[in-house]
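K.L.:
Below is the file query_4.pdb, with PDB, C-alpha atoms.
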```pdb
MODEL        1
ATOM      1  CA  MET A   1       0.000   0.000   0.000
ATOM      2  CA  LEU A   2       1.251   3.443  -0.922
ATOM      3  CA  SER A   3       1.772   5.978   1.836
ATOM      4  CA  LYS A   4      -0.164   9.244   1.714
ATOM      5  CA  SER A   5       2.880  11.320   0.889
ATOM      6  CA  LYS A   6       3.849   8.954  -1.936
ATOM      7  CA  ILE A   7       0.380   9.287  -3.443
ATOM      8  CA  PHE A   8       0.574  13.071  -3.101
ATOM      9  CA  PHE A   9       3.976  13.049  -4.797
ATOM     10  CA  LYS A  10       2.670  10.910  -7.651
ATOM     11  CA  GLY A  11       0.066  13.596  -8.255
ATOM     12  CA  THR A  12       2.785  16.231  -8.279
ATOM     13  CA  VAL A  13       4.823  14.325 -10.852
ATOM     14  CA  ALA A  14       1.772  13.700 -13.038
ATOM     15  CA  VAL A  15       1.127  17.417 -13.567
ATOM     16  CA  LEU A  16       4.754  18.403 -14.170
ATOM     17  CA  PRO A  17       4.467  18.108 -17.989
ATOM     18  CA  HIS A  18       1.549  20.533 -17.814
ATOM     19  CA  MET A  19       3.871  23.201 -16.414
ATOM     20  CA  LEU A  20       5.038  23.776 -19.972
ATOM     21  CA  SER A  21       1.686  25.401 -20.625
ATOM     22  CA  VAL A  22       0.674  26.479 -17.119
ATOM     23  CA  ILE A  23       3.731  28.654 -16.481
ATOM     24  CA  PRO A  24       3.570  30.679 -19.734
ATOM     25  CA  PHE A  25      -0.189  30.963 -19.326
ATOM     26  CA  GLY A  26       0.339  32.309 -15.787
ATOM     27  CA  ILE A  27       2.948  34.777 -16.981
ATOM     28  CA  ILE A  28       0.615  35.988 -19.732
ATOM     29  CA  THR A  29      -2.260  36.323 -17.264
ATOM     30  CA  GLY A  30      -0.198  38.476 -14.896
ATOM     31  CA  ALA A  31       1.342  40.540 -17.685
ATOM     32  CA  ILE A  32      -1.988  41.193 -19.396
ATOM     33  CA  GLY A  33      -3.564  42.310 -16.131
ATOM     34  CA  VAL A  34      -0.884  44.977 -15.779
ATOM     35  CA  GLU A  35      -1.045  45.818 -19.503
ATOM     36  CA  LEU A  36      -4.798  46.418 -19.179
ATOM     37  CA  GLY A  37      -3.961  49.023 -16.579
ATOM     38  CA  PHE A  38      -4.976  47.334 -13.336
ATOM     39  CA  ASP A  39      -3.326  47.670  -9.931
ATOM     40  CA  PRO A  40      -0.758  44.821  -9.585
ATOM     41  CA  ILE A  41      -2.185  43.930  -6.165
ATOM     42  CA  LEU A  42      -5.650  43.432  -7.641
ATOM     43  CA  VAL A  43      -4.232  41.420 -10.541
ATOM     44  CA  TYR A  44      -2.531  39.103  -8.085
ATOM     45  CA  ALA A  45      -5.677  38.920  -5.951
ATOM     46  CA  THR A  46      -7.486  37.300  -8.886
ATOM     47  CA  SER A  47      -4.914  34.480  -8.840
ATOM     48  CA  LEU A  48      -5.466  33.882  -5.166
ATOM     49  CA  ILE A  49      -9.226  34.392  -4.987
ATOM     50  CA  ILE A  50     -10.478  33.221  -8.390
ATOM     51  CA  PHE A  51      -7.567  30.870  -9.191
ATOM     52  CA  GLY A  52      -8.502  30.058 -12.777
ATOM     53  CA  GLY A  53      -6.524  31.386 -15.724
ATOM     54  CA  ALA A  54      -9.264  31.652 -18.315
ATOM     55  CA  SER A  55     -11.721  33.240 -15.896
ATOM     56  CA  GLN A  56      -9.110  35.699 -14.643
ATOM     57  CA  ILE A  57      -8.199  36.899 -18.140
ATOM     58  CA  ILE A  58     -11.794  37.218 -19.292
ATOM     59  CA  PHE A  59     -12.769  38.931 -16.063
ATOM     60  CA  MET A  60     -10.038  41.561 -16.430
ATOM     61  CA  GLN A  61     -10.512  41.992 -20.170
ATOM     62  CA  LEU A  62     -14.255  42.587 -19.799
ATOM     63  CA  LEU A  63     -13.866  45.079 -16.964
ATOM     64  CA  SER A  64     -11.149  46.994 -18.813
ATOM     65  CA  GLY A  65     -13.446  47.158 -21.853
ATOM     66  CA  GLY A  66     -16.172  48.814 -19.821
ATOM     67  CA  ALA A  67     -18.346  45.826 -18.961
ATOM     68  CA  SER A  68     -20.321  45.970 -15.719
ATOM     69  CA  SER A  69     -19.263  43.813 -12.769
ATOM     70  CA  LEU A  70     -22.450  41.814 -13.160
ATOM     71  CA  VAL A  71     -21.561  40.791 -16.726
ATOM     72  CA  ALA A  72     -17.960  39.992 -15.745
ATOM     73  CA  ILE A  73     -19.038  37.882 -12.766
ATOM     74  CA  THR A  74     -21.726  36.073 -14.779
ATOM     75  CA  SER A  75     -19.252  35.211 -17.516
ATOM     76  CA  VAL A  76     -16.868  33.821 -14.893
ATOM     77  CA  GLY A  77     -19.767  31.626 -13.783
ATOM     78  CA  VAL A  78     -20.449  30.428 -17.334
ATOM     79  CA  ILE A  79     -16.783  29.588 -17.953
ATOM     80  CA  ASN A  80     -16.491  27.734 -14.678
ATOM     81  CA  SER A  81     -19.660  25.707 -15.061
ATOM     82  CA  ARG A  82     -17.379  23.011 -16.494
ATOM     83  CA  HIS A  83     -16.118  22.450 -12.937
ATOM     84  CA  LEU A  84     -19.526  20.972 -12.114
ATOM     85  CA  LEU A  85     -18.591  18.131 -14.398
ATOM     86  CA  TYR A  86     -15.203  17.627 -12.731
ATOM     87  CA  GLY A  87     -16.802  17.711  -9.294
ATOM     88  CA  ALA A  88     -19.423  15.173 -10.307
ATOM     89  CA  VAL A  89     -16.712  12.763 -11.478
ATOM     90  CA  LEU A  90     -14.370  13.338  -8.532
ATOM     91  CA  SER A  91     -17.111  13.185  -5.895
ATOM     92  CA  GLU A  92     -17.145   9.420  -6.310
ATOM     93  CA  TYR A  93     -13.542   9.237  -5.078
ATOM     94  CA  LEU A  94     -13.964  11.852  -2.374
ATOM     95  CA  GLU A  95     -17.156  10.429  -0.904
ATOM     96  CA  LYS A  96     -15.618   9.185   2.344
ATOM     97  CA  LEU A  97     -14.024  12.483   3.287
ATOM     98  CA  SER A  98     -15.444  14.724   5.991
ATOM     99  CA  PHE A  99     -17.377  17.789   4.891
ATOM    100  CA  ILE A 100     -14.551  20.127   5.922
ATOM    101  CA  LYS A 101     -11.986  18.168   3.914
ATOM    102  CA  LYS A 102     -14.303  18.252   0.919
ATOM    103  CA  LEU A 103     -14.564  22.034   1.252
ATOM    104  CA  PHE A 104     -10.786  22.319   1.417
ATOM    105  CA  ILE A 105      -9.936  20.026  -1.484
ATOM    106  CA  SER A 106     -12.531  21.703  -3.734
ATOM    107  CA  TYR A 107     -10.447  24.879  -3.950
ATOM    108  CA  PHE A 108      -7.738  22.890  -5.746
ATOM    109  CA  ILE A 109      -9.872  21.338  -8.488
ATOM    110  CA  VAL A 110      -8.488  22.643 -11.806
ATOM    111  CA  ASP A 111      -8.500  21.379 -15.395
ATOM    112  CA  GLN A 112      -5.095  19.717 -15.596
ATOM    113  CA  GLY A 113      -5.283  18.288 -12.079
ATOM    114  CA  PHE A 114      -8.699  16.863 -12.769
ATOM    115  CA  ALA A 115      -7.564  15.257 -16.012
ATOM    116  CA  GLU A 116      -4.571  13.548 -14.379
ATOM    117  CA  SER A 117      -6.418  12.516 -11.214
ATOM    118  CA  ASN A 118      -9.287  11.021 -13.135
ATOM    119  CA  LYS A 119      -6.906   9.064 -15.359
ATOM    120  CA  TYR A 120      -4.835   7.719 -12.460
ATOM    121  CA  ILE A 121      -7.645   6.864 -10.071
ATOM    122  CA  LYS A 122      -9.548   5.018 -12.805
ATOM    123  CA  GLN A 123      -6.485   2.864 -13.442
ATOM    124  CA  ASN A 124      -5.870   2.244  -9.729
ATOM    125  CA  LYS A 125      -9.290   1.424  -8.409
ATOM    126  CA  ASN A 126      -8.036   0.080  -5.067
ATOM    127  CA  LEU A 127      -6.118   3.197  -4.126
ATOM    128  CA  SER A 128      -6.683   3.788  -0.407
ATOM    129  CA  ASN A 129      -6.393   7.569  -0.265
ATOM    130  CA  PRO A 130      -7.196   8.886  -3.740
ATOM    131  CA  HIS A 131      -7.773  12.403  -2.408
ATOM    132  CA  TYR A 132      -4.037  12.739  -1.766
ATOM    133  CA  TYR A 133      -3.473  12.304  -5.472
ATOM    134  CA  VAL A 134      -6.018  15.024  -6.248
ATOM    135  CA  LEU A 135      -4.337  17.277  -3.680
ATOM    136  CA  GLY A 136      -0.879  16.507  -5.099
ATOM    137  CA  THR A 137      -1.953  17.677  -8.550
ATOM    138  CA  GLY A 138      -3.926  20.672  -7.260
ATOM    139  CA  VAL A 139      -1.438  22.029  -4.729
ATOM    140  CA  THR A 140       1.435  21.744  -7.230
ATOM    141  CA  LEU A 141      -0.532  23.577  -9.889
ATOM    142  CA  TRP A 142      -1.563  26.179  -7.306
ATOM    143  CA  PHE A 143       2.038  27.011  -6.369
ATOM    144  CA  CYS A 144       3.174  27.235  -9.976
ATOM    145  CA  TRP A 145       0.187  29.358 -10.858
ATOM    146  CA  GLN A 146       0.844  31.843  -8.036
ATOM    147  CA  LEU A 147       4.546  32.113  -8.875
ATOM    148  CA  SER A 148       4.042  32.447 -12.611
ATOM    149  CA  THR A 149       1.327  35.104 -12.341
ATOM    150  CA  ILE A 150       3.545  37.090  -9.956
ATOM    151  CA  SER A 151       6.394  36.819 -12.485
ATOM    152  CA  GLY A 152       3.994  37.994 -15.192
ATOM    153  CA  ILE A 153       2.917  40.985 -13.112
ATOM    154  CA  ILE A 154       6.561  41.991 -12.658
ATOM    155  CA  LEU A 155       7.448  41.374 -16.327
ATOM    156  CA  GLY A 156       4.292  43.116 -17.490
ATOM    157  CA  SER A 157       5.464  46.476 -16.245
ATOM    158  CA  PHE A 158       8.505  46.239 -18.555
ATOM    159  CA  ILE A 159       6.760  45.046 -21.710
ATOM    160  CA  PRO A 160       6.326  47.927 -24.192
ATOM    161  CA  GLU A 161       2.816  48.551 -25.458
ATOM    162  CA  GLU A 162       3.941  48.408 -29.134
ATOM    163  CA  LEU A 163       4.263  44.638 -28.820
ATOM    164  CA  GLY A 164       0.479  44.396 -28.729
ATOM    165  CA  LEU A 165       0.510  41.767 -26.023
ATOM    166  CA  LYS A 166      -3.278  41.902 -25.920
ATOM    167  CA  PHE A 167      -3.201  39.666 -28.992
ATOM    168  CA  ALA A 168      -1.938  36.947 -26.641
ATOM    169  CA  ILE A 169      -5.483  36.721 -25.202
ATOM    170  CA  PRO A 170      -7.195  35.173 -28.253
ATOM    171  CA  LEU A 171      -4.056  33.104 -28.922
ATOM    172  CA  THR A 172      -4.095  31.650 -25.421
ATOM    173  CA  PHE A 173      -7.695  30.569 -25.755
ATOM    174  CA  LEU A 174      -7.043  29.213 -29.210
ATOM    175  CA  ALA A 175      -4.294  27.091 -27.654
ATOM    176  CA  ILE A 176      -6.730  25.729 -25.078
ATOM    177  CA  ILE A 177      -9.263  24.467 -27.627
ATOM    178  CA  VAL A 178      -6.925  23.600 -30.481
ATOM    179  CA  ASN A 179      -6.968  19.884 -29.634
ATOM    180  CA  ASP A 180     -10.741  19.733 -29.940
ATOM    181  CA  LEU A 181     -10.490  20.915 -33.559
ATOM    182  CA  ARG A 182     -10.113  17.253 -34.469
ATOM    183  CA  LYS A 183     -13.679  16.577 -33.323
ATOM    184  CA  LEU A 184     -16.300  17.752 -35.795
ATOM    185  CA  ASP A 185     -19.017  18.138 -33.165
ATOM    186  CA  HIS A 186     -16.758  20.474 -31.194
ATOM    187  CA  VAL A 187     -15.821  22.437 -34.313
ATOM    188  CA  PHE A 188     -19.516  22.937 -34.995
ATOM    189  CA  VAL A 189     -20.097  24.313 -31.462
ATOM    190  CA  MET A 190     -17.009  26.556 -31.786
ATOM    191  CA  LEU A 191     -18.198  28.039 -35.075
ATOM    192  CA  VAL A 192     -21.661  28.720 -33.663
ATOM    193  CA  SER A 193     -20.110  30.462 -30.656
ATOM    194  CA  GLY A 194     -17.614  32.417 -32.754
ATOM    195  CA  PHE A 195     -20.115  33.715 -35.302
ATOM    196  CA  ALA A 196     -22.641  34.456 -32.556
ATOM    197  CA  SER A 197     -20.010  36.556 -30.789
ATOM    198  CA  LEU A 198     -19.319  38.557 -33.963
ATOM    199  CA  ILE A 199     -23.018  39.226 -34.473
ATOM    200  CA  LEU A 200     -23.751  39.975 -30.818
ATOM    201  CA  PHE A 201     -20.537  41.898 -30.098
ATOM    202  CA  ASN A 202     -22.257  45.271 -29.887
ATOM    203  CA  ALA A 203     -25.130  44.020 -27.731
ATOM    204  CA  PRO A 204     -25.480  46.107 -24.546
ATOM    205  CA  PHE A 205     -23.305  45.530 -21.453
ATOM    206  CA  LYS A 206     -20.858  43.262 -23.335
ATOM    207  CA  SER A 207     -23.497  40.575 -22.946
ATOM    208  CA  TYR A 208     -22.105  38.816 -26.048
ATOM    209  CA  ILE A 209     -19.720  37.002 -23.726
ATOM    210  CA  ILE A 210     -22.637  35.280 -22.001
ATOM    211  CA  LEU A 211     -25.095  35.096 -24.906
ATOM    212  CA  SER A 212     -22.714  33.504 -27.441
ATOM    213  CA  PRO A 213     -21.787  30.524 -25.225
ATOM    214  CA  LEU A 214     -25.476  30.035 -24.420
ATOM    215  CA  VAL A 215     -26.405  30.017 -28.108
ATOM    216  CA  ALA A 216     -23.581  27.530 -28.733
ATOM    217  CA  LEU A 217     -24.648  25.273 -25.849
ATOM    218  CA  ILE A 218     -28.230  25.260 -27.123
ATOM    219  CA  ALA A 219     -26.840  24.310 -30.527
ATOM    220  CA  ALA A 220     -24.859  21.527 -28.834
ATOM    221  CA  PHE A 221     -28.000  20.318 -27.093
ATOM    222  CA  ILE A 222     -29.942  20.229 -30.368
ATOM    223  CA  MET A 223     -27.021  18.540 -32.114
ATOM    224  CA  LEU A 224     -26.944  15.808 -29.430
ATOM    225  CA  ARG A 225     -30.632  15.078 -30.042
ATOM    226  CA  PHE A 226     -30.003  14.577 -33.734
ATOM    227  CA  LYS A 227     -26.976  12.393 -33.150
ATOM    228  CA  LYS A 228     -29.099   9.786 -31.375
TER
ATOM    229  CA  MET B   1     -11.885  45.927 -11.215
ATOM    230  CA  ASN B   2     -12.353  46.176  -7.470
ATOM    231  CA  TRP B   3     -12.148  43.896  -4.450
ATOM    232  CA  PHE B   4     -15.884  43.350  -4.356
ATOM    233  CA  SER B   5     -16.128  41.999  -7.924
ATOM    234  CA  ILE B   6     -13.026  39.832  -7.434
ATOM    235  CA  ILE B   7     -14.384  38.293  -4.246
ATOM    236  CA  ILE B   8     -17.816  37.596  -5.744
ATOM    237  CA  SER B   9     -16.144  35.997  -8.790
ATOM    238  CA  GLY B  10     -14.004  33.964  -6.405
ATOM    239  CA  ILE B  11     -17.087  32.745  -4.568
ATOM    240  CA  VAL B  12     -18.808  31.863  -7.853
ATOM    241  CA  THR B  13     -15.720  29.957  -9.022
ATOM    242  CA  TYR B  14     -15.254  28.172  -5.719
ATOM    243  CA  PHE B  15     -18.920  27.222  -5.681
ATOM    244  CA  SER B  16     -18.601  25.658  -9.137
ATOM    245  CA  ARG B  17     -15.747  23.500  -7.831
ATOM    246  CA  MET B  18     -17.301  22.613  -4.514
ATOM    247  CA  ALA B  19     -20.985  22.127  -5.330
ATOM    248  CA  MET B  20     -20.817  18.633  -6.802
ATOM    249  CA  VAL B  21     -18.152  17.464  -4.357
ATOM    250  CA  ALA B  22     -19.668  18.621  -1.098
ATOM    251  CA  LEU B  23     -23.266  19.727  -1.602
ATOM    252  CA  ILE B  24     -25.138  18.126  -4.451
ATOM    253  CA  ASP B  25     -25.691  14.451  -5.092
ATOM    254  CA  ARG B  26     -23.864  13.691  -8.327
ATOM    255  CA  GLU B  27     -26.879  11.801  -9.654
ATOM    256  CA  MET B  28     -28.577  15.188  -9.858
ATOM    257  CA  LEU B  29     -26.590  15.924 -13.020
ATOM    258  CA  GLY B  30     -28.321  13.875 -15.676
ATOM    259  CA  THR B  31     -26.426  12.338 -18.582
ATOM    260  CA  LYS B  32     -27.858  15.030 -20.878
ATOM    261  CA  VAL B  33     -26.469  17.837 -18.738
ATOM    262  CA  LYS B  34     -23.078  16.146 -18.487
ATOM    263  CA  GLU B  35     -22.926  15.734 -22.246
ATOM    264  CA  VAL B  36     -23.712  19.400 -22.776
ATOM    265  CA  LEU B  37     -21.200  20.506 -20.091
ATOM    266  CA  ASN B  38     -18.546  18.710 -22.131
ATOM    267  CA  TYR B  39     -18.975  21.405 -24.745
ATOM    268  CA  VAL B  40     -18.504  24.355 -22.366
ATOM    269  CA  PRO B  41     -14.892  25.129 -23.430
ATOM    270  CA  SER B  42     -15.820  24.910 -27.116
ATOM    271  CA  ALA B  43     -18.821  27.150 -26.475
ATOM    272  CA  VAL B  44     -17.036  29.766 -24.365
ATOM    273  CA  PHE B  45     -13.597  30.341 -25.816
ATOM    274  CA  PRO B  46     -14.454  31.124 -29.465
ATOM    275  CA  ALA B  47     -16.548  34.013 -28.122
ATOM    276  CA  ILE B  48     -13.258  35.512 -26.940
ATOM    277  CA  ILE B  49     -11.110  34.404 -29.878
ATOM    278  CA  PHE B  50     -13.304  35.669 -32.731
ATOM    279  CA  PRO B  51     -13.809  39.240 -31.437
ATOM    280  CA  GLY B  52     -10.155  39.334 -30.342
ATOM    281  CA  VAL B  53      -9.056  38.631 -33.899
ATOM    282  CA  PHE B  54     -11.753  40.247 -36.033
ATOM    283  CA  PHE B  55     -12.485  43.453 -34.106
ATOM    284  CA  ASN B  56     -10.206  46.405 -33.358
ATOM    285  CA  ASP B  57     -10.077  48.349 -30.094
ATOM    286  CA  PHE B  58     -13.112  50.375 -31.163
ATOM    287  CA  GLY B  59     -15.345  47.373 -31.767
ATOM    288  CA  LEU B  60     -15.216  47.667 -35.572
ATOM    289  CA  PHE B  61     -14.415  44.874 -38.028
ATOM    290  CA  VAL B  62     -10.727  44.867 -38.983
ATOM    291  CA  GLU B  63      -9.575  44.911 -42.618
ATOM    292  CA  ILE B  64      -8.999  41.554 -44.301
ATOM    293  CA  THR B  65      -5.284  42.481 -44.346
ATOM    294  CA  ASP B  66      -5.072  42.845 -40.538
ATOM    295  CA  PRO B  67      -1.964  41.142 -39.087
ATOM    296  CA  LYS B  68      -4.052  39.588 -36.299
ATOM    297  CA  ILE B  69      -5.923  37.441 -38.832
ATOM    298  CA  TYR B  70      -2.709  35.999 -40.246
ATOM    299  CA  GLY B  71      -1.162  35.541 -36.810
ATOM    300  CA  ALA B  72      -4.247  33.606 -35.727
ATOM    301  CA  ILE B  73      -4.290  31.431 -38.848
ATOM    302  CA  PHE B  74      -0.608  30.628 -38.417
ATOM    303  CA  ALA B  75      -1.147  29.773 -34.725
ATOM    304  CA  LEU B  76      -4.131  27.626 -35.648
ATOM    305  CA  VAL B  77      -2.127  25.554 -38.134
ATOM    306  CA  VAL B  78       0.871  25.209 -35.808
ATOM    307  CA  GLY B  79      -1.370  24.322 -32.869
ATOM    308  CA  PHE B  80      -3.355  21.773 -34.846
ATOM    309  CA  TYR B  81      -0.275  19.835 -35.874
ATOM    310  CA  SER B  82       1.934  20.330 -32.806
ATOM    311  CA  ARG B  83      -0.866  19.917 -30.206
ATOM    312  CA  SER B  84       1.279  22.153 -28.045
ATOM    313  CA  VAL B  85      -0.111  25.079 -26.059
ATOM    314  CA  ILE B  86       3.196  26.926 -26.064
ATOM    315  CA  ALA B  87       3.872  26.423 -29.781
ATOM    316  CA  THR B  88       0.405  27.791 -30.562
ATOM    317  CA  ILE B  89       0.839  30.981 -28.555
ATOM    318  CA  VAL B  90       4.462  31.607 -29.498
ATOM    319  CA  SER B  91       3.970  30.975 -33.227
ATOM    320  CA  GLY B  92       0.972  33.318 -33.242
ATOM    321  CA  LEU B  93       2.840  36.107 -31.456
ATOM    322  CA  LEU B  94       6.027  35.716 -33.512
ATOM    323  CA  SER B  95       4.209  35.751 -36.844
ATOM    324  CA  TYR B  96       2.182  38.761 -35.667
ATOM    325  CA  TRP B  97       5.332  40.618 -34.624
ATOM    326  CA  PHE B  98       7.057  39.656 -37.861
ATOM    327  CA  ILE B  99       4.214  41.234 -39.834
ATOM    328  CA  ILE B 100       3.909  44.440 -37.814
ATOM    329  CA  PHE B 101       7.643  45.065 -37.343
ATOM    330  CA  PHE B 102       9.079  43.892 -40.682
ATOM    331  CA  LEU B 103       6.453  43.592 -43.387
ATOM    332  CA  LEU B 104       4.517  46.733 -42.508
ATOM    333  CA  ARG B 105       7.545  48.960 -42.048
TER
ENDMDL
END
```
What would you get if you wrote out this structure as structure tokens?
P.N.:
Amino acid sequence: MLSKSKIFFKGTVAVLPHMLSVIPFGIITGAIGVELGFDPILVYATSLIIFGGASQIIFMQLLSGGASSLVAITSVGVINSRHLLYGAVLSEYLEKLSFIKKLFISYFIVDQGFAESNKYIKQNKNLSNPHYYVLGTGVTLWFCWQLSTISGIILGSFIPEELGLKFAIPLTFLAIIVNDLRKLDHVFVMLVSGFASLILFNAPFKSYIILSPLVALIAAFIMLRFKK
Amino acid sequence: MNWFSIIISGIVTYFSRMAMVALIDREMLGTKVKEVLNYVPSAVFPAIIFPGVFFNDFGLFVEITDPKIYGAIFALVVGFYSRSVIATIVSGLLSYWFIIFFLLR
């Protein structure tokens, strides 16, 4: 039987390859926050309090573009609704934990950690303390995320505006979904969302950021009905 | 951006992580909902990518010759074949910088 610390460490090792994308993404997030003109302390606070790269960037970008807090917060909710799925899958492995431990571990559920944990725990069904694996992935990613966003905040104040670093925002998100371009059903949903956002871009309160994903999800729902 | 909006966003995000683990019975999410949730990234991120590439700072359509369009296409091709997050971002930025600093000067 593996000790708790060994299981934790296995989680740490499993997410190390992801650092190749997490660290640059963190640096970009910090740098863009500063580039958009926000107080470095507030930019860092998003890493600590929100702790989610995509939501942090979108949150800051919307607010800098004049969106209301309500729109920015709602769009963070839409983006993060995918966590419901992760939680539903992980809850099976975390069932035996006390309520307090569940509350604690939840803070560390992120995309890459979820992907690795789910893969490992499925292959090792008899693992005695699977939550240590989840923690190992999450805590490691947390530390790297904090350090890389801080580095980005520091670097960001030196990056000249002529470089047009804002273009890194669409590129970063393109990088996140580029693997799903091999799946036609996903490409369909992406195109619906993209064209909806172009049409709805000038809708009041920057609501395109909430409306376009909703239109695309409805399209996905309809598509799923036809597939069966 | 202020503390209040950051904290509320933090609570919303934390809730999305915690709800299914600690509060809600996972059976509550039907298969249908799970299937649709699978598409959330594909439904959300293009709504940031498309305007980021096709609109300028004033919310107007860019010209067909805009360097952002070619940077994005280059990143898309590199990303598709390399499957690498870094290669996608770096190739997009480098090609964009190449166009604005060398070709357009």
K.L.:
Compute the set of chain B residues within 8 Å of chain A, using all atoms listed in the file, and express it as a VMD selection string.
P.N.:
chain B and resid 1 to 3 5 to 14 16 to 22 26 29 34 36 to 53 59 68 72 75 to 76 79 to 80 83 to 86 88 to 89 92 to 93 97
K.L.:
So how many Å separate CA of Ala87 in chain B and CA of Leu141 in chain A, to one decimal?
P.N.:
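Taking CA of Ala87 in chain B and CA of Leu141 in chain A, their separation equals 20.6 Å.
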K.L.:
What does the structure give for the distance between CA of Gly138 in chain A and CA of Ser82 in chain B, in Å to one decimal?
P.N.:
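Rounded to one decimal, the two atoms are 26.2 Å apart.
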K.L.:
Please compute the CA of Asn124 in chain A-CA of Leu2 in chain A distance, one decimal, in Å.
P.N.:
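Between CA of Asn124 in chain A and CA of Leu2 in chain A the gap works out to 11.4 Å.
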K.L.:
Taking every listed atom of range 8-22 of chain B and adding 3 Å to each side, what centre and edge lengths in Å (one decimal) does the axis-aligned box have, as AutoDock Vina command-line options?
P.N.:
```
--center_x -17.5 --center_y 27.5 --center_z -5.1 --size_x 13.0 --size_y 26.1 --size_z 14.0
```
K.L.:
Just the residues within 9 Å of Leu147 in chain A, please, counting all atoms listed in the file, with nothing from its chain fewer than 3 positions along; format it as a list in words.
P.N.:
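Counting only the stated atoms, we get Ile23, Gly26, Ile27, Trp142, Phe143, Cys144, Ile150, Ser151 and Gly152 of chain A.
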K.L.:
Report the residues retrieved by the PyMOL selection byres ((chain A and resi 133) around 6) from the displayed file, expressed as an MDAnalysis selection string.
P.N.:
chainID A and resid 7:8 11 130:132 134:136
K.L.:
Write out the residues from the selection above, keeping C-alpha atoms, as a PDB file, keeping the file's coordinate frame.
P.N.:
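Full text of again-v5.pdb as output:
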```
ATOM      1  CA  ILE A   7       0.380   9.287  -3.443  1.00  0.00           C
ATOM      2  CA  PHE A   8       0.574  13.071  -3.101  1.00  0.00           C
ATOM      3  CA  GLY A  11       0.066  13.596  -8.255  1.00  0.00           C
ATOM      4  CA  PRO A 130      -7.196   8.886  -3.740  1.00  0.00           C
ATOM      5  CA  HIS A 131      -7.773  12.403  -2.408  1.00  0.00           C
ATOM      6  CA  TYR A 132      -4.037  12.739  -1.766  1.00  0.00           C
ATOM      7  CA  VAL A 134      -6.018  15.024  -6.248  1.00  0.00           C
ATOM      8  CA  LEU A 135      -4.337  17.277  -3.680  1.00  0.00           C
ATOM      9  CA  GLY A 136      -0.879  16.507  -5.099  1.00  0.00           C
TER      10      GLY A 136
END
```
